[in-house]
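Asker: Below: one structure in C-alpha cells.
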Amino acid sequence: PLFVEAWNKRATALYMANEYNRSIEDCARVLELKPRHFGCLSGLGMCHRANGNEAESLKWLRKSLLVHPGMQGPQRIVLNAVVQERLAPLIGDVVDAFRRDGVAEESCDDLTCTWDVHRVTPDGPEAASPHIYFFRVGFQNHNDAPHPIKSLARYYVLHFDNGHVFPFTRLTEGSSSFMLQPGGEYKFCWALIVSRPLQGMAGGVLLEWLDGSQEPKTGGWGKNFDEVGYPRSSLAPLLEPQSAPEVSMTQLQSLGRG
C-alpha cells in the first residue's frame, strides 16, 4: 500500500480501460504518498478531461506543469485554454466591429506590433484566378526590465468584399514561435490566397511575459490567464487590402527582405 508506482501503474491501466473514476481514486492515493508526482498529476487531468470536466482537468494539468513545465501534451492542452480564454473575447469584438464598420483594438504598452500588405499580381495565365496578399509583420519589445516576451498564438480576422467575416487563430509553435529580449525585434512575412477580394483585415498576437531565467513571470501555467502574464496586442494599422499597392511574383523576394 506504500508503493507509489504500484498505485500509479494501476491508475494508468484503469485509464486505458476507460475506468476514469477508479483511475482518479488511485491517483489520489499516489498524491497522498508523493504530492509532486507530475505523471500522476497530468494523468489526473486527463481522467477529468475524459469525463468532460474541463475546469477540473485544467486545474490538474496546470499543477503538473508547475512541477515539470516541459511536458508537451499537457502544455498544448493548457495553451489552447489560454488562447480560448484570452483571445476569443477579443476576436469576437473584432468580428462585431467589422460587421458594424467599427474598430476593436487592444495594445500592450511594451510591445510595438506593425504590419503592411501588398496585392500580388500572378504571372502568366493564372492571373485571373486567386487573390493573393503578401503580409510583412514586425514586433519590437520596448520593455526596459530584463523580461523577455514569448509568442503563444496569433489571430487574424478577414473581412471579404461581400461582407463575410472569417476569423482564425494559429498557435505559434516550432519555427513560427519567437522570443524577444528587451529591445529585440522579430520580423516575418507570409502570403494569403483566397477566392474573393479582401475589404479589410485585422490581426493580433497573444504573448507571455517571462522572467530573467526565461521562466513564466507569473509562475507559469499554474496561475490564472490574466493580462499581466498573458498580454495581447493588435497589429497596427487595420489593413485595407483592396487599396494596397500591387507587386509581381518576381518582386516578392526583395519585398520580403525589406
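So you can find residues: chains in the C-alpha cells are A, B, ... in the order shown, residues in each start at 1, and ligands are numbered from 1 in order.
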Find the residues around A:Ser233 up to 12 Å (only C-alpha atoms counted), leave out those fewer than 4 positions away in its own chain, and share them as number ranges by chain.
Answerer: A: 86-87, 90-91, 104-114, 139-140, 151-156, 202-208, 227, 237
Asker: Write out, as a compact mmCIF listing (two decimals), in the first residue's frame, the residues just selected, with N, CA and C atoms.
Answerer:
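The resulting file, again.txt, is reproduced below:
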# COMPACT_ATOMS: atom_id res chain seq x y z
N ARG A 86 -8.11 34.07 -23.44
CA ARG A 86 -7.58 35.41 -23.65
C ARG A 86 -7.92 35.99 -25.02
N LEU A 87 -7.97 35.14 -26.06
CA LEU A 87 -8.17 35.66 -27.41
C LEU A 87 -9.62 35.65 -27.88
N LEU A 90 -11.61 38.92 -27.51
CA LEU A 90 -11.11 39.99 -28.38
C LEU A 90 -11.48 39.73 -29.83
N ILE A 91 -11.33 38.49 -30.28
CA ILE A 91 -11.69 38.15 -31.66
C ILE A 91 -13.18 38.41 -31.89
N ALA A 104 -12.06 47.52 -33.31
CA ALA A 104 -11.79 46.99 -31.96
C ALA A 104 -10.31 46.64 -31.89
N GLU A 105 -9.59 47.31 -31.01
CA GLU A 105 -8.15 47.09 -30.92
C GLU A 105 -7.74 46.99 -29.46
N GLU A 106 -6.58 46.36 -29.22
CA GLU A 106 -6.00 46.30 -27.89
C GLU A 106 -4.50 46.32 -28.04
N SER A 107 -3.82 47.07 -27.17
CA SER A 107 -2.37 47.20 -27.30
C SER A 107 -1.68 46.81 -26.00
N CYS A 108 -0.42 46.45 -26.13
CA CYS A 108 0.46 46.16 -25.00
C CYS A 108 1.50 47.28 -24.96
N ASP A 109 1.58 47.98 -23.83
CA ASP A 109 2.41 49.19 -23.76
C ASP A 109 3.87 48.94 -24.12
N ASP A 110 4.37 47.77 -23.81
CA ASP A 110 5.80 47.49 -24.00
C ASP A 110 6.12 46.83 -25.34
N LEU A 111 5.13 46.69 -26.21
CA LEU A 111 5.36 46.00 -27.47
C LEU A 111 4.76 46.78 -28.63
N THR A 112 5.56 46.92 -29.68
CA THR A 112 5.07 47.51 -30.93
C THR A 112 4.79 46.39 -31.92
N CYS A 113 3.59 46.37 -32.47
CA CYS A 113 3.19 45.35 -33.45
C CYS A 113 2.72 46.07 -34.72
N THR A 114 3.45 45.89 -35.80
CA THR A 114 3.10 46.57 -37.04
C THR A 114 3.05 45.58 -38.19
N PHE A 139 7.55 42.87 -34.79
CA PHE A 139 7.32 43.06 -33.36
C PHE A 139 8.59 43.63 -32.74
N GLN A 140 8.44 44.51 -31.76
CA GLN A 140 9.59 45.05 -31.03
C GLN A 140 9.24 45.17 -29.56
N SER A 151 5.95 34.54 -27.83
CA SER A 151 4.67 34.45 -28.54
C SER A 151 4.00 33.11 -28.24
N LEU A 152 2.67 33.16 -28.09
CA LEU A 152 1.89 31.94 -27.87
C LEU A 152 0.96 31.64 -29.03
N ALA A 153 0.36 32.69 -29.59
CA ALA A 153 -0.61 32.49 -30.68
C ALA A 153 -0.80 33.79 -31.44
N ARG A 154 -1.26 33.66 -32.67
CA ARG A 154 -1.66 34.82 -33.48
C ARG A 154 -3.08 34.61 -33.96
N TYR A 155 -3.78 35.71 -34.18
CA TYR A 155 -5.13 35.62 -34.74
C TYR A 155 -5.27 36.60 -35.89
N TYR A 156 -6.16 36.27 -36.81
CA TYR A 156 -6.46 37.14 -37.94
C TYR A 156 -7.97 37.12 -38.17
N ALA A 202 -7.84 42.44 -39.86
CA ALA A 202 -7.29 42.76 -38.55
C ALA A 202 -6.50 41.56 -38.05
N GLY A 203 -5.61 41.79 -37.11
CA GLY A 203 -4.81 40.70 -36.56
C GLY A 203 -4.23 41.08 -35.22
N GLY A 204 -3.66 40.12 -34.55
CA GLY A 204 -3.05 40.39 -33.26
C GLY A 204 -2.29 39.18 -32.75
N VAL A 205 -1.76 39.31 -31.56
CA VAL A 205 -0.89 38.28 -31.00
C VAL A 205 -1.17 38.11 -29.52
N LEU A 206 -1.06 36.87 -29.03
CA LEU A 206 -1.12 36.57 -27.60
C LEU A 206 0.30 36.24 -27.15
N LEU A 207 0.71 36.85 -26.04
CA LEU A 207 2.09 36.76 -25.58
C LEU A 207 2.17 36.26 -24.15
N GLU A 208 3.38 35.92 -23.75
CA GLU A 208 3.63 35.52 -22.36
C GLU A 208 4.89 36.22 -21.88
N GLU A 227 -4.18 39.42 -17.82
CA GLU A 227 -3.50 40.32 -18.75
C GLU A 227 -2.08 40.63 -18.32
N PRO A 237 -1.50 49.04 -38.65
CA PRO A 237 -2.88 49.53 -38.56
C PRO A 237 -3.88 48.45 -39.00
Asker: Can you list, as a PDB file with N, CA, C and O atoms, in the first residue's frame, every residue of stretch 7-232 of chain A that DSSP puts in strand (DSSP E)?
Answerer:
ATOM      1  N   LEU A 111       5.135  46.691 -26.207  1.00  0.00           N
ATOM      2  CA  LEU A 111       5.355  45.995 -27.465  1.00  0.00           C
ATOM      3  C   LEU A 111       4.765  46.785 -28.629  1.00  0.00           C
ATOM      4  O   LEU A 111       3.640  47.272 -28.548  1.00  0.00           O
ATOM      5  N   THR A 112       5.562  46.924 -29.684  1.00  0.00           N
ATOM      6  CA  THR A 112       5.072  47.507 -30.926  1.00  0.00           C
ATOM      7  C   THR A 112       4.791  46.387 -31.919  1.00  0.00           C
ATOM      8  O   THR A 112       5.659  45.540 -32.160  1.00  0.00           O
ATOM      9  N   CYS A 113       3.590  46.369 -32.475  1.00  0.00           N
ATOM     10  CA  CYS A 113       3.188  45.354 -33.452  1.00  0.00           C
ATOM     11  C   CYS A 113       2.723  46.070 -34.718  1.00  0.00           C
ATOM     12  O   CYS A 113       1.710  46.773 -34.688  1.00  0.00           O
ATOM     13  N   THR A 114       3.450  45.892 -35.795  1.00  0.00           N
ATOM     14  CA  THR A 114       3.096  46.575 -37.035  1.00  0.00           C
ATOM     15  C   THR A 114       3.050  45.582 -38.190  1.00  0.00           C
ATOM     16  O   THR A 114       3.678  44.515 -38.137  1.00  0.00           O
ATOM     17  N   TRP A 115       2.314  45.963 -39.251  1.00  0.00           N
ATOM     18  CA  TRP A 115       2.268  45.132 -40.444  1.00  0.00           C
ATOM     19  C   TRP A 115       1.810  45.958 -41.628  1.00  0.00           C
ATOM     20  O   TRP A 115       1.287  47.061 -41.475  1.00  0.00           O
ATOM     21  N   ASP A 116       2.063  45.409 -42.828  1.00  0.00           N
ATOM     22  CA  ASP A 116       1.539  46.011 -44.043  1.00  0.00           C
ATOM     23  C   ASP A 116       1.158  44.900 -45.020  1.00  0.00           C
ATOM     24  O   ASP A 116       1.411  43.718 -44.756  1.00  0.00           O
ATOM     25  N   VAL A 117       0.512  45.277 -46.112  1.00  0.00           N
ATOM     26  CA  VAL A 117       0.031  44.285 -47.068  1.00  0.00           C
ATOM     27  C   VAL A 117       0.246  44.786 -48.488  1.00  0.00           C
ATOM     28  O   VAL A 117       0.181  45.992 -48.760  1.00  0.00           O
ATOM     29  N   HIS A 118       0.545  43.855 -49.397  1.00  0.00           N
ATOM     30  CA  HIS A 118       0.635  44.132 -50.826  1.00  0.00           C
ATOM     31  C   HIS A 118      -0.231  43.119 -51.569  1.00  0.00           C
ATOM     32  O   HIS A 118      -0.326  41.953 -51.166  1.00  0.00           O
ATOM     33  N   ARG A 119      -0.865  43.565 -52.626  1.00  0.00           N
ATOM     34  CA  ARG A 119      -1.606  42.648 -53.500  1.00  0.00           C
ATOM     35  C   ARG A 119      -0.625  42.093 -54.525  1.00  0.00           C
ATOM     36  O   ARG A 119       0.148  42.834 -55.136  1.00  0.00           O
ATOM     37  N   VAL A 120      -0.657  40.774 -54.706  1.00  0.00           N
ATOM     38  CA  VAL A 120       0.278  40.113 -55.618  1.00  0.00           C
ATOM     39  C   VAL A 120      -0.410  39.845 -56.943  1.00  0.00           C
ATOM     40  O   VAL A 120      -1.512  39.265 -56.988  1.00  0.00           O
ATOM     41  N   THR A 121       0.230  40.269 -58.019  1.00  0.00           N
ATOM     42  CA  THR A 121      -0.279  40.006 -59.364  1.00  0.00           C
ATOM     43  C   THR A 121       0.381  38.740 -59.891  1.00  0.00           C
ATOM     44  O   THR A 121       1.600  38.721 -60.124  1.00  0.00           O
ATOM     45  N   HIS A 131      -6.915  35.461 -55.396  1.00  0.00           N
ATOM     46  CA  HIS A 131      -6.488  36.759 -54.872  1.00  0.00           C
ATOM     47  C   HIS A 131      -5.367  36.479 -53.866  1.00  0.00           C
ATOM     48  O   HIS A 131      -5.573  35.750 -52.888  1.00  0.00           O
ATOM     49  N   ILE A 132      -4.209  37.023 -54.129  1.00  0.00           N
ATOM     50  CA  ILE A 132      -3.029  36.744 -53.307  1.00  0.00           C
ATOM     51  C   ILE A 132      -2.606  38.028 -52.594  1.00  0.00           C
ATOM     52  O   ILE A 132      -2.460  39.078 -53.233  1.00  0.00           O
ATOM     53  N   TYR A 133      -2.402  37.906 -51.282  1.00  0.00           N
ATOM     54  CA  TYR A 133      -1.981  39.054 -50.472  1.00  0.00           C
ATOM     55  C   TYR A 133      -0.695  38.676 -49.726  1.00  0.00           C
ATOM     56  O   TYR A 133      -0.581  37.576 -49.180  1.00  0.00           O
ATOM     57  N   PHE A 134       0.243  39.603 -49.704  1.00  0.00           N
ATOM     58  CA  PHE A 134       1.556  39.367 -49.086  1.00  0.00           C
ATOM     59  C   PHE A 134       1.701  40.309 -47.890  1.00  0.00           C
ATOM     60  O   PHE A 134       1.595  41.531 -48.037  1.00  0.00           O
ATOM     61  N   PHE A 135       1.926  39.718 -46.711  1.00  0.00           N
ATOM     62  CA  PHE A 135       1.985  40.497 -45.468  1.00  0.00           C
ATOM     63  C   PHE A 135       3.396  40.505 -44.894  1.00  0.00           C
ATOM     64  O   PHE A 135       4.091  39.491 -44.895  1.00  0.00           O
ATOM     65  N   ARG A 136       3.793  41.657 -44.361  1.00  0.00           N
ATOM     66  CA  ARG A 136       5.042  41.784 -43.606  1.00  0.00           C
ATOM     67  C   ARG A 136       4.679  42.233 -42.186  1.00  0.00           C
ATOM     68  O   ARG A 136       3.972  43.224 -42.005  1.00  0.00           O
ATOM     69  N   VAL A 137       5.168  41.470 -41.200  1.00  0.00           N
ATOM     70  CA  VAL A 137       4.786  41.697 -39.807  1.00  0.00           C
ATOM     71  C   VAL A 137       6.042  41.918 -38.976  1.00  0.00           C
ATOM     72  O   VAL A 137       7.070  41.259 -39.192  1.00  0.00           O
ATOM     73  N   GLY A 138       5.973  42.858 -38.030  1.00  0.00           N
ATOM     74  CA  GLY A 138       7.113  43.134 -37.174  1.00  0.00           C
ATOM     75  C   GLY A 138       6.706  43.362 -35.729  1.00  0.00           C
ATOM     76  O   GLY A 138       5.656  43.954 -35.454  1.00  0.00           O
ATOM     77  N   PHE A 139       7.548  42.866 -34.786  1.00  0.00           N
ATOM     78  CA  PHE A 139       7.324  43.059 -33.359  1.00  0.00           C
ATOM     79  C   PHE A 139       8.594  43.625 -32.739  1.00  0.00           C
ATOM     80  O   PHE A 139       9.703  43.252 -33.125  1.00  0.00           O
ATOM     81  N   GLN A 140       8.437  44.511 -31.761  1.00  0.00           N
ATOM     82  CA  GLN A 140       9.589  45.053 -31.033  1.00  0.00           C
ATOM     83  C   GLN A 140       9.241  45.174 -29.561  1.00  0.00           C
ATOM     84  O   GLN A 140       8.199  45.716 -29.195  1.00  0.00           O
ATOM     85  N   ASN A 141      10.143  44.654 -28.703  1.00  0.00           N
ATOM     86  CA  ASN A 141       9.969  44.674 -27.252  1.00  0.00           C
ATOM     87  C   ASN A 141      10.644  45.925 -26.691  1.00  0.00           C
ATOM     88  O   ASN A 141      11.860  46.061 -26.741  1.00  0.00           O
ATOM     89  N   ILE A 149       9.825  38.356 -23.824  1.00  0.00           N
ATOM     90  CA  ILE A 149       8.424  38.088 -24.096  1.00  0.00           C
ATOM     91  C   ILE A 149       8.350  36.998 -25.158  1.00  0.00           C
ATOM     92  O   ILE A 149       9.149  36.968 -26.097  1.00  0.00           O
ATOM     93  N   LYS A 150       7.424  36.083 -24.988  1.00  0.00           N
ATOM     94  CA  LYS A 150       7.326  34.912 -25.861  1.00  0.00           C
ATOM     95  C   LYS A 150       5.963  34.894 -26.543  1.00  0.00           C
ATOM     96  O   LYS A 150       4.943  35.185 -25.914  1.00  0.00           O
ATOM     97  N   SER A 151       5.949  34.542 -27.827  1.00  0.00           N
ATOM     98  CA  SER A 151       4.674  34.447 -28.545  1.00  0.00           C
ATOM     99  C   SER A 151       4.003  33.110 -28.239  1.00  0.00           C
ATOM    100  O   SER A 151       4.663  32.074 -28.135  1.00  0.00           O
ATOM    101  N   LEU A 152       2.669  33.157 -28.090  1.00  0.00           N
ATOM    102  CA  LEU A 152       1.891  31.944 -27.869  1.00  0.00           C
ATOM    103  C   LEU A 152       0.957  31.642 -29.029  1.00  0.00           C
ATOM    104  O   LEU A 152       0.760  30.496 -29.404  1.00  0.00           O
ATOM    105  N   ALA A 153       0.357  32.694 -29.594  1.00  0.00           N
ATOM    106  CA  ALA A 153      -0.606  32.491 -30.683  1.00  0.00           C
ATOM    107  C   ALA A 153      -0.800  33.794 -31.440  1.00  0.00           C
ATOM    108  O   ALA A 153      -0.536  34.885 -30.925  1.00  0.00           O
ATOM    109  N   ARG A 154      -1.264  33.665 -32.674  1.00  0.00           N
ATOM    110  CA  ARG A 154      -1.656  34.822 -33.478  1.00  0.00           C
ATOM    111  C   ARG A 154      -3.085  34.607 -33.963  1.00  0.00           C
ATOM    112  O   ARG A 154      -3.526  33.473 -34.127  1.00  0.00           O
ATOM    113  N   TYR A 155      -3.784  35.713 -34.177  1.00  0.00           N
ATOM    114  CA  TYR A 155      -5.132  35.616 -34.736  1.00  0.00           C
ATOM    115  C   TYR A 155      -5.267  36.599 -35.890  1.00  0.00           C
ATOM    116  O   TYR A 155      -4.577  37.620 -35.950  1.00  0.00           O
ATOM    117  N   TYR A 156      -6.158  36.269 -36.811  1.00  0.00           N
ATOM    118  CA  TYR A 156      -6.463  37.144 -37.943  1.00  0.00           C
ATOM    119  C   TYR A 156      -7.967  37.120 -38.171  1.00  0.00           C
ATOM    120  O   TYR A 156      -8.628  36.101 -37.930  1.00  0.00           O
ATOM    121  N   VAL A 157      -8.511  38.246 -38.602  1.00  0.00           N
ATOM    122  CA  VAL A 157      -9.924  38.338 -38.948  1.00  0.00           C
ATOM    123  C   VAL A 157     -10.011  38.932 -40.355  1.00  0.00           C
ATOM    124  O   VAL A 157      -9.547  40.049 -40.597  1.00  0.00           O
ATOM    125  N   LEU A 158     -10.577  38.151 -41.289  1.00  0.00           N
ATOM    126  CA  LEU A 158     -10.694  38.563 -42.684  1.00  0.00           C
ATOM    127  C   LEU A 158     -12.082  39.132 -42.934  1.00  0.00           C
ATOM    128  O   LEU A 158     -13.086  38.520 -42.551  1.00  0.00           O
ATOM    129  N   HIS A 159     -12.137  40.270 -43.606  1.00  0.00           N
ATOM    130  CA  HIS A 159     -13.409  40.892 -43.961  1.00  0.00           C
ATOM    131  C   HIS A 159     -13.474  40.950 -45.489  1.00  0.00           C
ATOM    132  O   HIS A 159     -12.745  41.724 -46.124  1.00  0.00           O
ATOM    133  N   PHE A 160     -14.318  40.109 -46.084  1.00  0.00           N
ATOM    134  CA  PHE A 160     -14.380  39.998 -47.535  1.00  0.00           C
ATOM    135  C   PHE A 160     -15.298  41.065 -48.136  1.00  0.00           C
ATOM    136  O   PHE A 160     -16.095  41.704 -47.433  1.00  0.00           O
ATOM    137  N   VAL A 165     -17.304  37.769 -42.712  1.00  0.00           N
ATOM    138  CA  VAL A 165     -16.180  37.948 -41.787  1.00  0.00           C
ATOM    139  C   VAL A 165     -15.727  36.580 -41.298  1.00  0.00           C
ATOM    140  O   VAL A 165     -16.540  35.780 -40.808  1.00  0.00           O
ATOM    141  N   PHE A 166     -14.428  36.304 -41.449  1.00  0.00           N
ATOM    142  CA  PHE A 166     -13.896  34.980 -41.114  1.00  0.00           C
ATOM    143  C   PHE A 166     -12.686  35.127 -40.191  1.00  0.00           C
ATOM    144  O   PHE A 166     -11.647  35.639 -40.596  1.00  0.00           O
ATOM    145  N   PRO A 167     -12.787  34.694 -38.925  1.00  0.00           N
ATOM    146  CA  PRO A 167     -11.633  34.727 -38.020  1.00  0.00           C
ATOM    147  C   PRO A 167     -10.913  33.384 -37.967  1.00  0.00           C
ATOM    148  O   PRO A 167     -11.538  32.335 -38.140  1.00  0.00           O
ATOM    149  N   PHE A 168      -9.609  33.400 -37.725  1.00  0.00           N
ATOM    150  CA  PHE A 168      -8.890  32.156 -37.448  1.00  0.00           C
ATOM    151  C   PHE A 168      -7.708  32.435 -36.537  1.00  0.00           C
ATOM    152  O   PHE A 168      -7.197  33.556 -36.481  1.00  0.00           O
ATOM    153  N   THR A 169      -7.302  31.403 -35.810  1.00  0.00           N
ATOM    154  CA  THR A 169      -6.219  31.502 -34.827  1.00  0.00           C
ATOM    155  C   THR A 169      -5.168  30.448 -35.119  1.00  0.00           C
ATOM    156  O   THR A 169      -5.497  29.339 -35.549  1.00  0.00           O
ATOM    157  N   ARG A 170      -3.918  30.791 -34.881  1.00  0.00           N
ATOM    158  CA  ARG A 170      -2.822  29.843 -35.090  1.00  0.00           C
ATOM    159  C   ARG A 170      -1.888  29.877 -33.884  1.00  0.00           C
ATOM    160  O   ARG A 170      -1.406  30.942 -33.496  1.00  0.00           O
ATOM    161  N   LEU A 171      -1.663  28.723 -33.262  1.00  0.00           N
ATOM    162  CA  LEU A 171      -0.665  28.640 -32.205  1.00  0.00           C
ATOM    163  C   LEU A 171       0.712  28.866 -32.802  1.00  0.00           C
ATOM    164  O   LEU A 171       1.010  28.381 -33.892  1.00  0.00           O
ATOM    165  N   MET A 179      10.840  34.597 -29.405  1.00  0.00           N
ATOM    166  CA  MET A 179      11.051  35.171 -28.079  1.00  0.00           C
ATOM    167  C   MET A 179      11.851  36.449 -28.252  1.00  0.00           C
ATOM    168  O   MET A 179      12.869  36.466 -28.943  1.00  0.00           O
ATOM    169  N   LEU A 180      11.385  37.526 -27.632  1.00  0.00           N
ATOM    170  CA  LEU A 180      12.033  38.819 -27.768  1.00  0.00           C
ATOM    171  C   LEU A 180      12.665  39.244 -26.448  1.00  0.00           C
ATOM    172  O   LEU A 180      11.970  39.371 -25.430  1.00  0.00           O
ATOM    173  N   GLU A 185      13.851  42.657 -31.797  1.00  0.00           N
ATOM    174  CA  GLU A 185      12.892  42.753 -32.889  1.00  0.00           C
ATOM    175  C   GLU A 185      12.692  41.386 -33.523  1.00  0.00           C
ATOM    176  O   GLU A 185      13.602  40.564 -33.539  1.00  0.00           O
ATOM    177  N   TYR A 186      11.521  41.145 -34.046  1.00  0.00           N
ATOM    178  CA  TYR A 186      11.240  39.924 -34.798  1.00  0.00           C
ATOM    179  C   TYR A 186      10.361  40.293 -35.980  1.00  0.00           C
ATOM    180  O   TYR A 186       9.351  40.992 -35.825  1.00  0.00           O
ATOM    181  N   LYS A 187      10.772  39.823 -37.176  1.00  0.00           N
ATOM    182  CA  LYS A 187      10.004  40.112 -38.384  1.00  0.00           C
ATOM    183  C   LYS A 187       9.763  38.824 -39.168  1.00  0.00           C
ATOM    184  O   LYS A 187      10.604  37.920 -39.154  1.00  0.00           O
ATOM    185  N   PHE A 188       8.628  38.742 -39.808  1.00  0.00           N
ATOM    186  CA  PHE A 188       8.359  37.624 -40.705  1.00  0.00           C
ATOM    187  C   PHE A 188       7.380  38.084 -41.770  1.00  0.00           C
ATOM    188  O   PHE A 188       6.748  39.147 -41.664  1.00  0.00           O
ATOM    189  N   CYS A 189       7.266  37.282 -42.815  1.00  0.00           N
ATOM    190  CA  CYS A 189       6.310  37.597 -43.873  1.00  0.00           C
ATOM    191  C   CYS A 189       5.555  36.327 -44.254  1.00  0.00           C
ATOM    192  O   CYS A 189       6.039  35.216 -44.034  1.00  0.00           O
ATOM    193  N   TRP A 190       4.361  36.500 -44.810  1.00  0.00           N
ATOM    194  CA  TRP A 190       3.553  35.355 -45.191  1.00  0.00           C
ATOM    195  C   TRP A 190       2.567  35.778 -46.267  1.00  0.00           C
ATOM    196  O   TRP A 190       2.306  36.976 -46.464  1.00  0.00           O
ATOM    197  N   ALA A 191       2.056  34.801 -46.987  1.00  0.00           N
ATOM    198  CA  ALA A 191       1.122  35.065 -48.081  1.00  0.00           C
ATOM    199  C   ALA A 191      -0.211  34.384 -47.794  1.00  0.00           C
ATOM    200  O   ALA A 191      -0.264  33.307 -47.191  1.00  0.00           O
ATOM    201  N   LEU A 192      -1.273  35.027 -48.239  1.00  0.00           N
ATOM    202  CA  LEU A 192      -2.624  34.501 -48.083  1.00  0.00           C
ATOM    203  C   LEU A 192      -3.272  34.421 -49.465  1.00  0.00           C
ATOM    204  O   LEU A 192      -3.249  35.396 -50.217  1.00  0.00           O
ATOM    205  N   ILE A 193      -3.839  33.253 -49.778  1.00  0.00           N
ATOM    206  CA  ILE A 193      -4.522  33.053 -51.058  1.00  0.00           C
ATOM    207  C   ILE A 193      -5.994  32.788 -50.783  1.00  0.00           C
ATOM    208  O   ILE A 193      -6.339  31.833 -50.064  1.00  0.00           O
ATOM    209  N   VAL A 194      -6.865  33.629 -51.308  1.00  0.00           N
ATOM    210  CA  VAL A 194      -8.305  33.494 -51.078  1.00  0.00           C
ATOM    211  C   VAL A 194      -9.049  33.628 -52.410  1.00  0.00           C
ATOM    212  O   VAL A 194      -8.506  34.133 -53.396  1.00  0.00           O
ATOM    213  N   LEU A 198     -10.361  40.863 -50.454  1.00  0.00           N
ATOM    214  CA  LEU A 198     -10.459  41.265 -49.057  1.00  0.00           C
ATOM    215  C   LEU A 198     -10.714  42.764 -48.964  1.00  0.00           C
ATOM    216  O   LEU A 198     -10.002  43.565 -49.568  1.00  0.00           O
ATOM    217  N   GLN A 199     -11.711  43.129 -48.171  1.00  0.00           N
ATOM    218  CA  GLN A 199     -12.017  44.539 -47.954  1.00  0.00           C
ATOM    219  C   GLN A 199     -11.246  45.085 -46.756  1.00  0.00           C
ATOM    220  O   GLN A 199     -10.803  46.228 -46.741  1.00  0.00           O
ATOM    221  N   GLY A 200     -11.123  44.256 -45.714  1.00  0.00           N
ATOM    222  CA  GLY A 200     -10.406  44.670 -44.516  1.00  0.00           C
ATOM    223  C   GLY A 200      -9.791  43.473 -43.828  1.00  0.00           C
ATOM    224  O   GLY A 200     -10.180  42.327 -44.059  1.00  0.00           O
ATOM    225  N   MET A 201      -8.824  43.741 -42.955  1.00  0.00           N
ATOM    226  CA  MET A 201      -8.184  42.643 -42.234  1.00  0.00           C
ATOM    227  C   MET A 201      -7.598  43.176 -40.932  1.00  0.00           C
ATOM    228  O   MET A 201      -6.972  44.233 -40.884  1.00  0.00           O
ATOM    229  N   ALA A 202      -7.838  42.436 -39.863  1.00  0.00           N
ATOM    230  CA  ALA A 202      -7.293  42.756 -38.546  1.00  0.00           C
ATOM    231  C   ALA A 202      -6.502  41.557 -38.047  1.00  0.00           C
ATOM    232  O   ALA A 202      -6.705  40.427 -38.495  1.00  0.00           O
ATOM    233  N   GLY A 203      -5.606  41.792 -37.108  1.00  0.00           N
ATOM    234  CA  GLY A 203      -4.812  40.697 -36.557  1.00  0.00           C
ATOM    235  C   GLY A 203      -4.226  41.085 -35.220  1.00  0.00           C
ATOM    236  O   GLY A 203      -4.300  42.245 -34.793  1.00  0.00           O
ATOM    237  N   GLY A 204      -3.662  40.117 -34.547  1.00  0.00           N
ATOM    238  CA  GLY A 204      -3.046  40.388 -33.259  1.00  0.00           C
ATOM    239  C   GLY A 204      -2.295  39.179 -32.754  1.00  0.00           C
ATOM    240  O   GLY A 204      -2.207  38.140 -33.417  1.00  0.00           O
ATOM    241  N   VAL A 205      -1.764  39.313 -31.556  1.00  0.00           N
ATOM    242  CA  VAL A 205      -0.894  38.280 -31.005  1.00  0.00           C
ATOM    243  C   VAL A 205      -1.172  38.115 -29.517  1.00  0.00           C
ATOM    244  O   VAL A 205      -1.537  39.078 -28.825  1.00  0.00           O
ATOM    245  N   LEU A 206      -1.058  36.875 -29.031  1.00  0.00           N
ATOM    246  CA  LEU A 206      -1.117  36.569 -27.602  1.00  0.00           C
ATOM    247  C   LEU A 206       0.299  36.241 -27.151  1.00  0.00           C
ATOM    248  O   LEU A 206       0.996  35.447 -27.790  1.00  0.00           O
ATOM    249  N   LEU A 207       0.715  36.854 -26.038  1.00  0.00           N
ATOM    250  CA  LEU A 207       2.094  36.760 -25.584  1.00  0.00           C
ATOM    251  C   LEU A 207       2.170  36.259 -24.151  1.00  0.00           C
ATOM    252  O   LEU A 207       1.170  36.204 -23.440  1.00  0.00           O
ATOM    253  N   GLU A 208       3.385  35.923 -23.747  1.00  0.00           N
ATOM    254  CA  GLU A 208       3.634  35.523 -22.362  1.00  0.00           C
ATOM    255  C   GLU A 208       4.889  36.218 -21.877  1.00  0.00           C
ATOM    256  O   GLU A 208       5.955  36.103 -22.498  1.00  0.00           O
ATOM    257  N   TRP A 209       4.776  36.954 -20.771  1.00  0.00           N
ATOM    258  CA  TRP A 209       5.953  37.571 -20.175  1.00  0.00           C
ATOM    259  C   TRP A 209       6.753  36.515 -19.419  1.00  0.00           C
ATOM    260  O   TRP A 209       6.193  35.707 -18.683  1.00  0.00           O
ATOM    261  N   ARG A 232      -2.126  40.689 -24.677  1.00  0.00           N
ATOM    262  CA  ARG A 232      -2.488  40.535 -26.078  1.00  0.00           C
ATOM    263  C   ARG A 232      -2.409  41.902 -26.733  1.00  0.00           C
ATOM    264  O   ARG A 232      -2.627  42.932 -26.095  1.00  0.00           O
TER     265      ARG A 232
END
Asker: So how far away is atom CA of A:Thr172 from atom CA of A:His48, in Å?
Answerer: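 Taking atom CA of A:His48 as the start and atom CA of A:Thr172 as the end point, the length is 26.8 Å.
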Asker: Could you give me, as a Markdown table, every stretch 47-148 of chain A residue with an atom at most 10 Å from stretch 16-29 of chain A, plus its closest atom pair and distance in Å to one decimal, counting only C-alpha atoms, rows ordered by chain then number?
Answerer:
| residue | atom | partner | partner_atom | distance |
| --- | --- | --- | --- | --- |
| A:Cys47 | CA | A:Tyr20 | CA | 5.4 |
| A:His48 | CA | A:Tyr20 | CA | 7.6 |
| A:Arg49 | CA | A:Tyr20 | CA | 9.6 |
| A:Ala50 | CA | A:Tyr20 | CA | 7.3 |
| A:Asn51 | CA | A:Tyr20 | CA | 7.1 |
Asker: Go ahead and write the selection's residues with N, CA and C atoms as a short mmCIF file (atom, residue, chain, number, x, y, z; two decimals), in the first residue's frame.
Answerer:
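What landed in selection-v1.cif:
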data_model
loop_
_atom_site.label_atom_id
_atom_site.label_comp_id
_atom_site.auth_asym_id
_atom_site.auth_seq_id
_atom_site.Cartn_x
_atom_site.Cartn_y
_atom_site.Cartn_z
N CYS A 47 -7.83 12.21 -16.89
CA CYS A 47 -9.03 11.50 -16.46
C CYS A 47 -10.23 12.44 -16.41
N HIS A 48 -10.03 13.60 -15.80
CA HIS A 48 -11.12 14.56 -15.72
C HIS A 48 -11.49 15.09 -17.11
N ARG A 49 -10.53 15.19 -17.97
CA ARG A 49 -10.81 15.62 -19.35
C ARG A 49 -11.67 14.57 -20.06
N ALA A 50 -11.33 13.30 -19.86
CA ALA A 50 -12.11 12.21 -20.46
C ALA A 50 -13.54 12.17 -19.91
N ASN A 51 -13.70 12.62 -18.66
CA ASN A 51 -15.02 12.67 -18.06
C ASN A 51 -15.81 13.92 -18.47
#
